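Data file: protein_25.cif. Format and content: mmCIF, C-alpha atoms.
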data_my_file
#
loop_
_atom_site.group_PDB
_atom_site.id
_atom_site.type_symbol
_atom_site.label_atom_id
_atom_site.label_comp_id
_atom_site.auth_asym_id
_atom_site.auth_seq_id
_atom_site.Cartn_x
_atom_site.Cartn_y
_atom_site.Cartn_z
ATOM 1 C CA MET A 73 22.219 -8.801 -44.719
ATOM 2 C CA ARG A 74 19.170 -10.860 -43.736
ATOM 3 C CA LYS A 75 21.327 -13.275 -41.780
ATOM 4 C CA LYS A 76 22.787 -10.402 -39.794
ATOM 5 C CA ILE A 77 19.301 -9.018 -39.023
ATOM 6 C CA PHE A 78 18.038 -12.431 -37.863
ATOM 7 C CA TYR A 79 21.178 -12.932 -35.794
ATOM 8 C CA ASN A 80 20.700 -9.582 -34.044
ATOM 9 C CA LEU A 81 17.042 -10.372 -33.376
ATOM 10 C CA PHE A 82 18.042 -13.733 -31.927
ATOM 11 C CA ILE A 83 20.555 -12.104 -29.583
ATOM 12 C CA ILE A 84 17.946 -9.563 -28.437
ATOM 13 C CA LEU A 85 15.451 -12.339 -27.651
ATOM 14 C CA ILE A 86 18.070 -14.251 -25.670
ATOM 15 C CA LEU A 87 18.879 -11.137 -23.625
ATOM 16 C CA ILE A 88 15.207 -10.494 -22.934
ATOM 17 C CA VAL A 89 14.609 -14.045 -21.735
ATOM 18 C CA PHE A 90 17.628 -14.186 -19.453
ATOM 19 C CA ASN A 91 17.274 -10.664 -18.050
ATOM 20 C CA SER A 92 13.550 -10.777 -17.374
ATOM 21 C CA PRO A 93 12.402 -11.924 -13.912
ATOM 22 C CA SER A 94 11.603 -15.613 -13.723
ATOM 23 C CA LYS A 95 7.952 -16.454 -13.188
ATOM 24 C CA LYS A 96 9.062 -18.973 -10.597
ATOM 25 C CA SER A 97 10.776 -16.211 -8.592
ATOM 26 C CA LEU A 98 7.554 -14.220 -8.249
ATOM 27 C CA ASN A 99 4.710 -14.923 -5.881
ATOM 28 C CA HIS A 100 1.543 -14.892 -7.970
ATOM 29 C CA ASN A 101 -0.759 -15.158 -4.936
ATOM 30 C CA VAL A 102 -1.293 -11.462 -4.323
ATOM 31 C CA ALA A 103 -2.892 -10.509 -0.983
ATOM 32 C CA ILE A 104 -4.787 -7.213 -0.859
ATOM 33 C CA ALA A 105 -6.605 -5.622 2.079
ATOM 34 C CA TYR A 106 -9.240 -2.912 2.309
ATOM 35 C CA GLY A 107 -10.776 -1.282 5.369
ATOM 36 C CA LEU A 108 -14.310 -0.057 4.722
ATOM 37 C CA ASP A 109 -17.673 0.920 6.131
ATOM 38 C CA ASN A 110 -21.126 0.687 4.537
ATOM 39 C CA ARG A 111 -20.778 3.973 2.633
ATOM 40 C CA TYR A 112 -17.531 2.848 0.998
ATOM 41 C CA THR A 113 -18.873 -0.498 -0.204
ATOM 42 C CA PHE A 114 -19.541 0.588 -3.775
ATOM 43 C CA PRO A 115 -16.253 2.491 -4.318
ATOM 44 C CA THR A 116 -14.423 -0.566 -2.957
ATOM 45 C CA ILE A 117 -16.270 -2.839 -5.389
ATOM 46 C CA VAL A 118 -15.203 -0.554 -8.254
ATOM 47 C CA SER A 119 -11.578 -0.659 -7.052
ATOM 48 C CA MET A 120 -11.637 -4.461 -6.782
ATOM 49 C CA THR A 121 -13.275 -4.716 -10.203
ATOM 50 C CA SER A 122 -10.459 -2.686 -11.761
ATOM 51 C CA ILE A 123 -7.928 -5.075 -10.200
ATOM 52 C CA LEU A 124 -9.678 -8.173 -11.474
ATOM 53 C CA GLU A 125 -10.271 -6.757 -14.950
ATOM 54 C CA ASN A 126 -6.548 -6.017 -15.322
ATOM 55 C CA ARG A 127 -5.015 -9.103 -13.739
ATOM 56 C CA PHE A 128 -2.572 -11.422 -15.451
ATOM 57 C CA VAL A 129 -3.880 -14.888 -16.276
ATOM 58 C CA HIS A 130 -1.616 -16.532 -13.694
ATOM 59 C CA THR A 131 -2.345 -14.093 -10.819
ATOM 60 C CA ASN A 132 -4.479 -15.212 -7.880
ATOM 61 C CA TYR A 133 -5.974 -12.354 -5.885
ATOM 62 C CA ILE A 134 -6.861 -12.934 -2.248
ATOM 63 C CA PHE A 135 -8.823 -10.043 -0.766
ATOM 64 C CA TYR A 136 -9.160 -9.320 2.945
ATOM 65 C CA LEU A 137 -11.999 -6.883 3.637
ATOM 66 C CA LEU A 138 -12.009 -5.442 7.141
ATOM 67 C CA VAL A 139 -15.450 -4.295 8.307
ATOM 68 C CA ASP A 140 -17.164 -3.320 11.545
ATOM 69 C CA LYS A 141 -18.721 -6.323 13.279
ATOM 70 C CA LYS A 142 -21.776 -4.478 14.566
ATOM 71 C CA SER A 143 -22.746 -2.110 11.796
ATOM 72 C CA PHE A 144 -21.668 -3.599 8.455
ATOM 73 C CA LYS A 145 -24.721 -4.798 6.532
ATOM 74 C CA ASP A 146 -25.196 -8.367 5.304
ATOM 75 C CA SER A 147 -26.441 -7.027 1.977
ATOM 76 C CA ASN A 148 -23.083 -5.317 1.438
ATOM 77 C CA LYS A 149 -21.215 -8.486 2.393
ATOM 78 C CA TYR A 150 -23.185 -10.300 -0.304
ATOM 79 C CA LEU A 151 -22.247 -7.725 -2.951
ATOM 80 C CA LEU A 152 -18.554 -8.022 -2.069
ATOM 81 C CA LYS A 153 -18.531 -11.831 -1.898
ATOM 82 C CA ASN A 154 -20.347 -12.012 -5.234
ATOM 83 C CA LEU A 155 -17.114 -10.969 -6.971
ATOM 84 C CA GLU A 156 -15.918 -14.554 -6.392
ATOM 85 C CA ASN A 157 -18.705 -15.769 -8.677
ATOM 86 C CA LYS A 158 -17.987 -13.177 -11.317
ATOM 87 C CA TYR A 159 -14.201 -13.561 -11.589
ATOM 88 C CA GLN A 160 -11.828 -16.519 -11.634
ATOM 89 C CA LYS A 161 -8.857 -16.772 -9.270
ATOM 90 C CA CYS A 162 -10.501 -14.405 -6.829
ATOM 91 C CA LYS A 163 -11.027 -15.104 -3.134
ATOM 92 C CA VAL A 164 -12.874 -12.621 -0.917
ATOM 93 C CA ASN A 165 -12.448 -12.894 2.857
ATOM 94 C CA ILE A 166 -14.621 -10.634 5.011
ATOM 95 C CA ILE A 167 -13.142 -10.070 8.462
ATOM 96 C CA GLU A 168 -15.329 -8.508 11.138
ATOM 97 C CA ILE A 169 -13.575 -6.141 13.543
ATOM 98 C CA SER A 170 -14.752 -5.294 17.084
ATOM 99 C CA ASP A 171 -14.745 -1.656 18.190
ATOM 100 C CA ASP A 172 -12.797 -2.396 21.347
ATOM 101 C CA ILE A 173 -9.600 -3.390 19.493
ATOM 102 C CA ILE A 174 -8.675 0.283 19.054
ATOM 103 C CA LYS A 175 -10.417 1.982 21.972
ATOM 104 C CA HIS A 176 -8.878 5.446 21.908
ATOM 105 C CA ALA A 177 -8.844 6.189 18.202
ATOM 106 C CA ASN A 178 -9.675 9.712 17.047
ATOM 107 C CA THR A 179 -12.584 9.426 14.594
ATOM 108 C CA LYS A 180 -13.508 13.108 14.184
ATOM 109 C CA ARG A 181 -12.236 13.295 10.603
ATOM 110 C CA TYR A 182 -12.229 9.668 9.430
ATOM 111 C CA PRO A 183 -14.243 6.590 10.523
ATOM 112 C CA LEU A 184 -12.766 3.845 12.676
ATOM 113 C CA SER A 185 -12.238 1.744 9.548
ATOM 114 C CA ALA A 186 -9.327 4.057 8.669
ATOM 115 C CA TYR A 187 -7.373 2.443 11.505
ATOM 116 C CA TYR A 188 -7.995 -1.136 10.353
ATOM 117 C CA ARG A 189 -4.785 -1.244 8.284
ATOM 118 C CA LEU A 190 -2.849 -1.101 11.579
ATOM 119 C CA LEU A 191 -4.424 -4.415 12.636
ATOM 120 C CA LEU A 192 -3.427 -6.523 9.637
ATOM 121 C CA SER A 193 -0.452 -8.244 11.254
ATOM 122 C CA GLU A 194 -2.658 -9.478 14.103
ATOM 123 C CA ILE A 195 -5.797 -10.558 12.261
ATOM 124 C CA ILE A 196 -4.047 -12.248 9.329
ATOM 125 C CA PRO A 197 -1.240 -14.173 11.072
ATOM 126 C CA ASP A 198 -0.344 -16.456 8.151
ATOM 127 C CA LEU A 199 0.783 -13.696 5.735
ATOM 128 C CA ASN A 200 4.254 -12.162 5.553
ATOM 129 C CA ARG A 201 3.276 -9.180 3.401
ATOM 130 C CA ILE A 202 0.198 -7.521 1.983
ATOM 131 C CA ILE A 203 -0.903 -4.608 -0.188
ATOM 132 C CA TYR A 204 -3.308 -2.223 1.510
ATOM 133 C CA LEU A 205 -5.631 -0.040 -0.584
ATOM 134 C CA ASP A 206 -8.228 2.561 0.237
ATOM 135 C CA GLY A 207 -11.542 2.170 -1.576
ATOM 136 C CA ASP A 208 -11.014 5.390 -3.537
ATOM 137 C CA THR A 209 -8.381 3.819 -5.767
ATOM 138 C CA LEU A 210 -8.366 2.645 -9.363
ATOM 139 C CA ILE A 211 -5.982 -0.034 -10.609
ATOM 140 C CA TYR A 212 -4.793 -0.024 -14.211
ATOM 141 C CA ARG A 213 -2.336 -2.936 -14.174
ATOM 142 C CA ASP A 214 -1.658 -6.268 -12.516
ATOM 143 C CA LEU A 215 -0.124 -5.850 -9.042
ATOM 144 C CA THR A 216 2.173 -8.892 -8.971
ATOM 145 C CA GLU A 217 5.241 -6.722 -9.538
ATOM 146 C CA MET A 218 4.283 -4.372 -6.705
ATOM 147 C CA PHE A 219 3.582 -7.240 -4.334
ATOM 148 C CA ASN A 220 7.072 -8.650 -4.969
ATOM 149 C CA LEU A 221 9.022 -5.394 -4.585
ATOM 150 C CA LYS A 222 12.143 -5.570 -2.421
ATOM 151 C CA MET A 223 11.520 -3.771 0.871
ATOM 152 C CA GLY A 224 14.948 -3.991 2.494
ATOM 153 C CA ASN A 225 14.695 -3.076 6.176
ATOM 154 C CA ASN A 226 11.497 -1.088 5.672
ATOM 155 C CA VAL A 227 8.197 -2.013 7.284
ATOM 156 C CA MET A 228 5.975 -0.009 4.927
ATOM 157 C CA LEU A 229 6.299 1.574 1.489
ATOM 158 C CA GLY A 230 3.907 4.263 0.237
ATOM 159 C CA PHE A 231 3.462 7.189 -2.142
ATOM 160 C CA VAL A 232 5.081 10.461 -1.057
ATOM 161 C CA ASP A 233 3.123 12.948 1.058
ATOM 162 C CA ASN A 234 4.579 16.426 1.450
ATOM 163 C CA SER A 235 3.047 16.806 4.928
ATOM 164 C CA TYR A 236 6.397 15.904 6.513
ATOM 165 C CA SER A 237 6.266 19.054 8.678
ATOM 166 C CA LYS A 238 3.545 17.368 10.757
ATOM 167 C CA ALA A 239 6.258 15.143 12.230
ATOM 168 C CA LYS A 240 7.952 18.135 13.870
ATOM 169 C CA LYS A 241 5.344 18.414 16.626
ATOM 170 C CA PHE A 242 6.413 14.934 17.724
ATOM 171 C CA GLY A 243 10.076 15.962 17.782
ATOM 172 C CA ILE A 244 10.954 14.126 14.586
ATOM 173 C CA LYS A 245 12.842 15.698 11.690
ATOM 174 C CA THR A 246 12.254 13.704 8.535
ATOM 175 C CA TYR A 247 11.523 14.259 4.857
ATOM 176 C CA LYS A 248 10.151 10.770 4.331
ATOM 177 C CA TYR A 249 6.416 10.962 4.866
ATOM 178 C CA ILE A 250 4.057 8.579 3.084
ATOM 179 C CA VAL A 251 0.354 8.363 2.242
ATOM 180 C CA SER A 252 -1.440 5.539 4.027
ATOM 181 C CA GLY A 253 -4.016 4.961 1.263
ATOM 182 C CA VAL A 254 -1.711 2.727 -0.816
ATOM 183 C CA LEU A 255 0.811 0.641 1.099
ATOM 184 C CA LEU A 256 3.043 -2.394 0.786
ATOM 185 C CA ILE A 257 3.337 -3.792 4.304
ATOM 186 C CA ASN A 258 5.848 -6.199 5.844
ATOM 187 C CA LEU A 259 3.541 -8.055 8.247
ATOM 188 C CA LYS A 260 6.269 -10.440 9.349
ATOM 189 C CA ALA A 261 8.445 -7.590 10.635
ATOM 190 C CA ILE A 262 5.502 -6.027 12.494
ATOM 191 C CA ARG A 263 4.848 -9.289 14.314
ATOM 192 C CA GLU A 264 8.489 -10.159 15.048
ATOM 193 C CA GLU A 265 9.261 -6.691 16.389
ATOM 194 C CA ASN A 266 5.964 -6.251 18.253
ATOM 195 C CA ILE A 267 5.250 -3.041 16.344
ATOM 196 C CA PHE A 268 1.473 -3.362 16.708
ATOM 197 C CA SER A 269 1.760 -2.728 20.462
ATOM 198 C CA LYS A 270 3.747 0.417 19.617
ATOM 199 C CA PHE A 271 0.906 1.553 17.373
ATOM 200 C CA LEU A 272 -1.592 1.130 20.225
ATOM 201 C CA GLU A 273 0.664 2.849 22.746
ATOM 202 C CA PHE A 274 1.124 5.822 20.440
ATOM 203 C CA ILE A 275 -2.642 6.106 19.796
ATOM 204 C CA ASN A 276 -3.415 5.969 23.518
ATOM 205 C CA LYS A 277 -0.911 8.729 24.324
ATOM 206 C CA ASN A 278 -1.625 11.016 21.371
ATOM 207 C CA GLN A 279 -5.278 10.616 20.423
ATOM 208 C CA ALA A 280 -5.894 14.384 20.430
ATOM 209 C CA ARG A 281 -2.849 15.034 18.211
ATOM 210 C CA LEU A 282 -3.596 12.579 15.409
ATOM 211 C CA SER A 283 -4.317 15.137 12.698
ATOM 212 C CA GLN A 284 -4.164 12.460 9.983
ATOM 213 C CA GLU A 285 -5.337 9.556 12.133
ATOM 214 C CA ASP A 286 -3.697 6.285 11.010
ATOM 215 C CA GLN A 287 -1.321 8.112 8.657
ATOM 216 C CA THR A 288 0.139 10.029 11.592
ATOM 217 C CA VAL A 289 0.610 6.781 13.517
ATOM 218 C CA ILE A 290 2.430 5.100 10.626
ATOM 219 C CA ASN A 291 4.741 7.995 9.827
ATOM 220 C CA ILE A 292 5.751 8.737 13.410
ATOM 221 C CA VAL A 293 6.058 5.237 14.856
ATOM 222 C CA LEU A 294 7.839 3.951 11.729
ATOM 223 C CA HIS A 295 9.723 7.129 10.759
ATOM 224 C CA LYS A 296 12.995 5.208 10.378
ATOM 225 C CA ARG A 297 11.415 2.200 8.666
ATOM 226 C CA ILE A 298 9.325 3.702 5.837
ATOM 227 C CA ASN A 299 10.209 4.549 2.259
ATOM 228 C CA PHE A 300 8.612 5.521 -1.045
ATOM 229 C CA LEU A 301 6.878 3.237 -3.497
ATOM 230 C CA PRO A 302 7.590 3.811 -7.191
ATOM 231 C CA PRO A 303 5.272 6.742 -8.034
ATOM 232 C CA LYS A 304 3.138 4.679 -10.412
ATOM 233 C CA TYR A 305 1.788 2.918 -7.309
ATOM 234 C CA GLY A 306 -0.375 5.510 -5.573
ATOM 235 C CA MET A 307 -0.300 8.490 -7.937
ATOM 236 C CA TRP A 308 -2.924 11.096 -7.014
ATOM 237 C CA ASN A 309 -5.565 12.455 -9.367
ATOM 238 C CA PHE A 310 -3.782 15.785 -9.753
ATOM 239 C CA ALA A 311 -5.375 18.391 -12.037
ATOM 240 C CA ASN A 312 -2.239 18.825 -14.159
ATOM 241 C CA LYS A 313 1.493 18.165 -14.338
ATOM 242 C CA ASN A 314 2.364 21.395 -12.520
ATOM 243 C CA ALA A 315 0.441 20.175 -9.486
ATOM 244 C CA VAL A 316 2.374 16.891 -9.664
ATOM 245 C CA LEU A 317 5.744 18.656 -9.709
ATOM 246 C CA TYR A 318 4.729 21.029 -6.908
ATOM 247 C CA HIS A 319 3.742 18.073 -4.719
ATOM 248 C CA ASN A 320 7.091 16.431 -5.436
ATOM 249 C CA LYS A 321 8.954 19.474 -4.040
ATOM 250 C CA TYR A 322 7.507 19.025 -0.541
ATOM 251 C CA LYS A 323 5.926 22.531 -0.639
ATOM 252 C CA ASN A 324 9.325 24.045 0.248
ATOM 253 C CA PRO A 325 11.513 24.880 -2.778
ATOM 254 C CA LYS A 326 14.366 25.984 -0.501
ATOM 255 C CA LEU A 327 14.943 22.379 0.503
ATOM 256 C CA ARG A 328 15.554 21.308 -3.084
ATOM 257 C CA ILE A 329 14.567 17.805 -2.058
ATOM 258 C CA LYS A 330 12.490 15.637 -4.366
ATOM 259 C CA ALA A 331 11.081 12.194 -3.661
ATOM 260 C CA TYR A 332 11.138 11.229 -7.335
ATOM 261 C CA LYS A 333 12.931 12.306 -10.479
ATOM 262 C CA LYS A 334 10.872 14.647 -12.687
ATOM 263 C CA ARG A 335 10.703 12.216 -15.586
ATOM 264 C CA GLU A 336 9.744 9.334 -13.279
ATOM 265 C CA ILE A 337 6.845 11.083 -11.554
ATOM 266 C CA LEU A 338 5.447 12.588 -14.753
ATOM 267 C CA LYS A 339 5.524 9.182 -16.432
ATOM 268 C CA ALA A 340 3.588 7.809 -13.457
ATOM 269 C CA TYR A 341 1.049 10.643 -13.730
ATOM 270 C CA TYR A 342 0.340 9.979 -17.403
ATOM 271 C CA SER A 343 0.406 6.193 -17.001
ATOM 272 C CA PRO A 344 -0.288 5.129 -13.379
ATOM 273 C CA SER A 345 -0.627 1.570 -12.137
ATOM 274 C CA ILE A 346 -2.634 2.654 -9.080
ATOM 275 C CA LEU A 347 -4.489 5.953 -8.979
ATOM 276 C CA HIS A 348 -5.576 7.361 -5.619
ATOM 277 C CA PHE A 349 -8.501 9.811 -5.710
ATOM 278 C CA VAL A 350 -7.254 12.193 -3.033
ATOM 279 C CA LYS A 351 -8.229 15.306 -5.004
ATOM 280 C CA GLY A 352 -12.001 14.800 -5.281
ATOM 281 C CA LYS A 353 -14.052 11.598 -5.359
ATOM 282 C CA PRO A 354 -15.207 10.525 -8.846
ATOM 283 C CA TRP A 355 -18.599 9.183 -7.757
ATOM 284 C CA LYS A 356 -19.620 12.739 -6.811
ATOM 285 C CA TYR A 357 -19.571 13.651 -10.505
ATOM 286 C CA ARG A 358 -22.102 12.246 -12.958
ATOM 287 C CA ALA A 359 -20.577 10.052 -15.636
ATOM 288 C CA LYS A 360 -22.078 11.997 -18.549
ATOM 289 C CA ARG A 361 -20.988 15.382 -17.229
ATOM 290 C CA THR A 362 -17.320 14.802 -16.416
ATOM 291 C CA ARG A 363 -14.454 15.450 -18.783
ATOM 292 C CA ASN A 364 -11.663 14.600 -16.370
ATOM 293 C CA ARG A 365 -9.775 11.570 -17.718
ATOM 294 C CA PHE A 366 -9.391 9.917 -14.313
ATOM 295 C CA ARG A 367 -13.087 10.273 -13.490
ATOM 296 C CA ILE A 368 -13.983 8.911 -16.920
ATOM 297 C CA ASP A 369 -11.800 5.872 -16.180
ATOM 298 C CA TRP A 370 -13.472 5.358 -12.802
ATOM 299 C CA TRP A 371 -16.945 5.406 -14.351
ATOM 300 C CA LYS A 372 -15.770 2.943 -16.989
ATOM 301 C CA TYR A 373 -15.139 0.352 -14.253
ATOM 302 C CA ALA A 374 -18.181 1.396 -12.235
ATOM 303 C CA LYS A 375 -20.355 0.458 -15.206
ATOM 304 C CA MET A 376 -18.843 -3.042 -15.195
ATOM 305 C CA THR A 377 -20.224 -3.778 -11.712
ATOM 306 C CA ASP A 378 -23.464 -5.602 -10.957
ATOM 307 C CA VAL A 379 -24.424 -2.726 -8.664
ATOM 308 C CA TYR A 380 -24.450 -0.286 -11.577
ATOM 309 C CA ARG A 381 -26.421 -2.689 -13.777
ATOM 310 C CA ASN A 382 -29.139 -3.038 -11.135
ATOM 311 C CA ASN A 383 -30.922 0.313 -11.396
ATOM 312 C CA SER A 384 -32.799 0.179 -8.091
ATOM 313 C CA LEU A 385 -29.711 -0.984 -6.199
ATOM 314 C CA TRP A 386 -27.608 1.668 -7.928
ATOM 315 C CA ASN A 387 -30.014 4.433 -6.906
ATOM 316 C CA ARG A 388 -29.954 3.291 -3.275
ATOM 317 C CA LYS A 389 -26.154 3.186 -3.208
ATOM 318 C CA MET A 390 -25.659 6.577 -4.804
ATOM 319 C CA SER A 391 -28.165 8.229 -2.449
ATOM 320 C CA GLN A 392 -25.553 7.753 0.327
ATOM 321 C CA TYR A 393 -23.163 10.261 -1.236
#
Now that the file is in, can you turn its structure into structure tokens?
Amino acid sequence: MRKKIFYNLFIILILIVFNSPSKKSLNHNVAIAYGLDNRYTFPTIVSMTSILENRFVHTNYIFYLLVDKKSFKDSNKYLLKNLENKYQKCKVNIIEISDDIIKHANTKRYPLSAYYRLLLSEIIPDLNRIIYLDGDTLIYRDLTEMFNLKMGNNVMLGFVDNSYSKAKKFGIKTYKYIVSGVLLINLKAIREENIFSKFLEFINKNQARLSQEDQTVINIVLHKRINFLPPKYGMWNFANKNAVLYHNKYKNPKLRIKAYKKREILKAYYSPSILHFVKGKPWKYRAKRTRNRFRIDWWKYAKMTDVYRNNSLWNRKMSQY
């Protein structure tokens, strides 16, 4: 009886070893970009901290932080670069962007930094792919698996947005519409197919119609070359599971179209890899007064930062919000 049990265990171990992805087949140098202004410095530090606290031992994170050349403060650059001293296998590159690169961008709703993700193929020419994150994200797990996802013929992958009807005013009928706050981007394809010039052309022609700024640009210009990330990458901070399922139905039950299977999206909601705070920013709620599990998690990582531990610096940062 014991021999049979040991034999079965041995077979299971063999199957696990041979069916699991080889470490050699994965790229453990994970490139991640953020676009930010001075006000988003601290949320971005919290997001980066959550990445570095949850990384695998063998993962190297290379961050590319896109900031405004004229207005971004040196003191904030110092705080961001200091993460290199705090964590191993962490490289922080701060890239200054000139305003004239995107001259006709609509910045009524979002700052110019929202458009920086469109520039990545041009300002980082030596990378073939990159993960882009907004600063209002929280990362629960290592992102090596996400970085190595197969993209097929797609240029960008993102979490589902049910605002697909916004494409109709541009004459496009599609049910694939993605959120630009969490993206996996094929930079090589953008360069080879000169897609960046198409981004600029579209912005120049439609600046008054960009209701979602960069997100509109991505979904319209790339409407045939985008697809959905697994829902665990980019899950929103929904209030409850009913809100999750409603979002997954594209706001139109007659269509009976769902981006994800019910079980898949609920699993992602209860155990996300990347959480995107679309439904209310956690730093607007005091740590001791919130009972929301996602906000509690955000404050957990906020308290790990040097900014939080420096009371005077913390007070100055939080006075911006």
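Picked out by the PyMOL selection byres ((chain A and resi 126) around 7) when it runs on this file: Ser122, Ile123, Leu124, Glu125, Arg127, Phe128, Tyr212, Arg213 and Asp214 of chain A.
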Residue by residue, what does the PyMOL selection byres ((chain A and resi 109) around 8) grab here? Present the result as a PDB file with C-alpha atoms, keeping the file's coordinate frame.
ATOM      1  CA  GLY A 107     -10.776  -1.282   5.369  1.00  0.00           C
ATOM      2  CA  LEU A 108     -14.310  -0.057   4.722  1.00  0.00           C
ATOM      3  CA  ASN A 110     -21.126   0.687   4.537  1.00  0.00           C
ATOM      4  CA  ARG A 111     -20.778   3.973   2.633  1.00  0.00           C
ATOM      5  CA  TYR A 112     -17.531   2.848   0.998  1.00  0.00           C
ATOM      6  CA  THR A 113     -18.873  -0.498  -0.204  1.00  0.00           C
ATOM      7  CA  VAL A 139     -15.450  -4.295   8.307  1.00  0.00           C
ATOM      8  CA  ASP A 140     -17.164  -3.320  11.545  1.00  0.00           C
ATOM      9  CA  PHE A 144     -21.668  -3.599   8.455  1.00  0.00           C
ATOM     10  CA  PRO A 183     -14.243   6.590  10.523  1.00  0.00           C
ATOM     11  CA  SER A 185     -12.238   1.744   9.548  1.00  0.00           C
TER      12      SER A 185
END
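Across the structure, CA of Ile257 (chain A) and CA of Lys339 (chain A) are spaced 24.6 Å apart.
Restricting the calculation to only C-alpha atoms, the smallest distance between Val251 (chain A) and any of A:Arg201, A:Lys270, A:His348, A:His100 is found for A:His348.
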Residues picked by the PyMOL selection byres ((chain A and resi 372) around 12) here, as a PDB file with C-alpha atoms, in the frame of the given file?
ATOM      1  CA  VAL A 118     -15.203  -0.554  -8.254  1.00  0.00           C
ATOM      2  CA  SER A 119     -11.578  -0.659  -7.052  1.00  0.00           C
ATOM      3  CA  THR A 121     -13.275  -4.716 -10.203  1.00  0.00           C
ATOM      4  CA  SER A 122     -10.459  -2.686 -11.761  1.00  0.00           C
ATOM      5  CA  GLU A 125     -10.271  -6.757 -14.950  1.00  0.00           C
ATOM      6  CA  LEU A 210      -8.366   2.645  -9.363  1.00  0.00           C
ATOM      7  CA  TYR A 212      -4.793  -0.024 -14.211  1.00  0.00           C
ATOM      8  CA  PRO A 354     -15.207  10.525  -8.846  1.00  0.00           C
ATOM      9  CA  TRP A 355     -18.599   9.183  -7.757  1.00  0.00           C
ATOM     10  CA  ARG A 358     -22.102  12.246 -12.958  1.00  0.00           C
ATOM     11  CA  ALA A 359     -20.577  10.052 -15.636  1.00  0.00           C
ATOM     12  CA  LYS A 360     -22.078  11.997 -18.549  1.00  0.00           C
ATOM     13  CA  THR A 362     -17.320  14.802 -16.416  1.00  0.00           C
ATOM     14  CA  ARG A 365      -9.775  11.570 -17.718  1.00  0.00           C
ATOM     15  CA  PHE A 366      -9.391   9.917 -14.313  1.00  0.00           C
ATOM     16  CA  ARG A 367     -13.087  10.273 -13.490  1.00  0.00           C
ATOM     17  CA  ILE A 368     -13.983   8.911 -16.920  1.00  0.00           C
ATOM     18  CA  ASP A 369     -11.800   5.872 -16.180  1.00  0.00           C
ATOM     19  CA  TRP A 370     -13.472   5.358 -12.802  1.00  0.00           C
ATOM     20  CA  TRP A 371     -16.945   5.406 -14.351  1.00  0.00           C
ATOM     21  CA  TYR A 373     -15.139   0.352 -14.253  1.00  0.00           C
ATOM     22  CA  ALA A 374     -18.181   1.396 -12.235  1.00  0.00           C
ATOM     23  CA  LYS A 375     -20.355   0.458 -15.206  1.00  0.00           C
ATOM     24  CA  MET A 376     -18.843  -3.042 -15.195  1.00  0.00           C
ATOM     25  CA  THR A 377     -20.224  -3.778 -11.712  1.00  0.00           C
ATOM     26  CA  TYR A 380     -24.450  -0.286 -11.577  1.00  0.00           C
TER      27      TYR A 380
END
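In this comparison, which uses only C-alpha atoms, the residue of A:Ser193, A:Ser237, A:Asn291, A:Thr209 approaching Glu265 (chain A) most closely is A:Ser193.
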(request) Around the point (-23.5, -1.9, -2.1), in the coordinates given by the file, pick out the residues reaching within 7 Å, counting all atoms listed in the file, and return them as an MDAnalysis selection string. (result) chainID A and resid 113:114 148 151 379 389
(request) Name all residues at most 10 Å from Leu338 (chain A) (count only C-alpha atoms; drop same-chain ones fewer than 5 positions away) and give them as number ranges by chain. (result) A: 303-304, 307, 312-314, 316-317, 332-333, 343-344
Selection above as a file: C-alpha atoms, as a PDB file, in the frame of the given file:
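Wrote part-v3.pdb, looks like this:
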ATOM      1  CA  PRO A 303       5.272   6.742  -8.034  1.00  0.00           C
ATOM      2  CA  LYS A 304       3.138   4.679 -10.412  1.00  0.00           C
ATOM      3  CA  MET A 307      -0.300   8.490  -7.937  1.00  0.00           C
ATOM      4  CA  ASN A 312      -2.239  18.825 -14.159  1.00  0.00           C
ATOM      5  CA  LYS A 313       1.493  18.165 -14.338  1.00  0.00           C
ATOM      6  CA  ASN A 314       2.364  21.395 -12.520  1.00  0.00           C
ATOM      7  CA  VAL A 316       2.374  16.891  -9.664  1.00  0.00           C
ATOM      8  CA  LEU A 317       5.744  18.656  -9.709  1.00  0.00           C
ATOM      9  CA  TYR A 332      11.138  11.229  -7.335  1.00  0.00           C
ATOM     10  CA  LYS A 333      12.931  12.306 -10.479  1.00  0.00           C
ATOM     11  CA  SER A 343       0.406   6.193 -17.001  1.00  0.00           C
ATOM     12  CA  PRO A 344      -0.288   5.129 -13.379  1.00  0.00           C
TER      13      PRO A 344
END
(request) Quote the spacing between CA of Leu215 (chain A) and CA of Asp146 (chain A) in Å to one decimal place. (result) 29.0 Å
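When CA of Tyr357 (chain A) is paired with CA of Ala311 (chain A), their separation reads 15.0 Å.
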(message) Given only C-alpha atoms as the basis, pick out the residue of A:Ser143, A:Thr131, A:Asn225, A:Asn309 nearest to Arg297 (chain A).
(response) A:Asn225
Asp206 (chain A): which residues within 7 Å, counting all atoms listed in the file, same-chain residues fewer than 4 positions away excluded, as a PDB file with C-alpha atoms, keeping the file's coordinate frame?
ATOM      1  CA  TYR A 106      -9.240  -2.912   2.309  1.00  0.00           C
ATOM      2  CA  GLY A 107     -10.776  -1.282   5.369  1.00  0.00           C
ATOM      3  CA  GLY A 253      -4.016   4.961   1.263  1.00  0.00           C
ATOM      4  CA  VAL A 254      -1.711   2.727  -0.816  1.00  0.00           C
TER       5      VAL A 254
END
Please determine an axis-aligned box that encloses all atoms of region 299-308 of chain A listed in the file, with 5 Å added on each side, and express its centre and edge lengths in Å to one decimal as lines of an AutoDock Vina configuration file.
center_x = 3.6
center_y = 7.0
center_z = -4.1
size_x = 23.1
size_y = 18.2
size_z = 22.7
(message) Please determine, counting all atoms listed in the file, which residue among A:Gln287, A:Asn200, A:Asn258, A:Gln279 has the shortest atom-to-atom distance to Val227 (chain A).
(response) A:Asn258
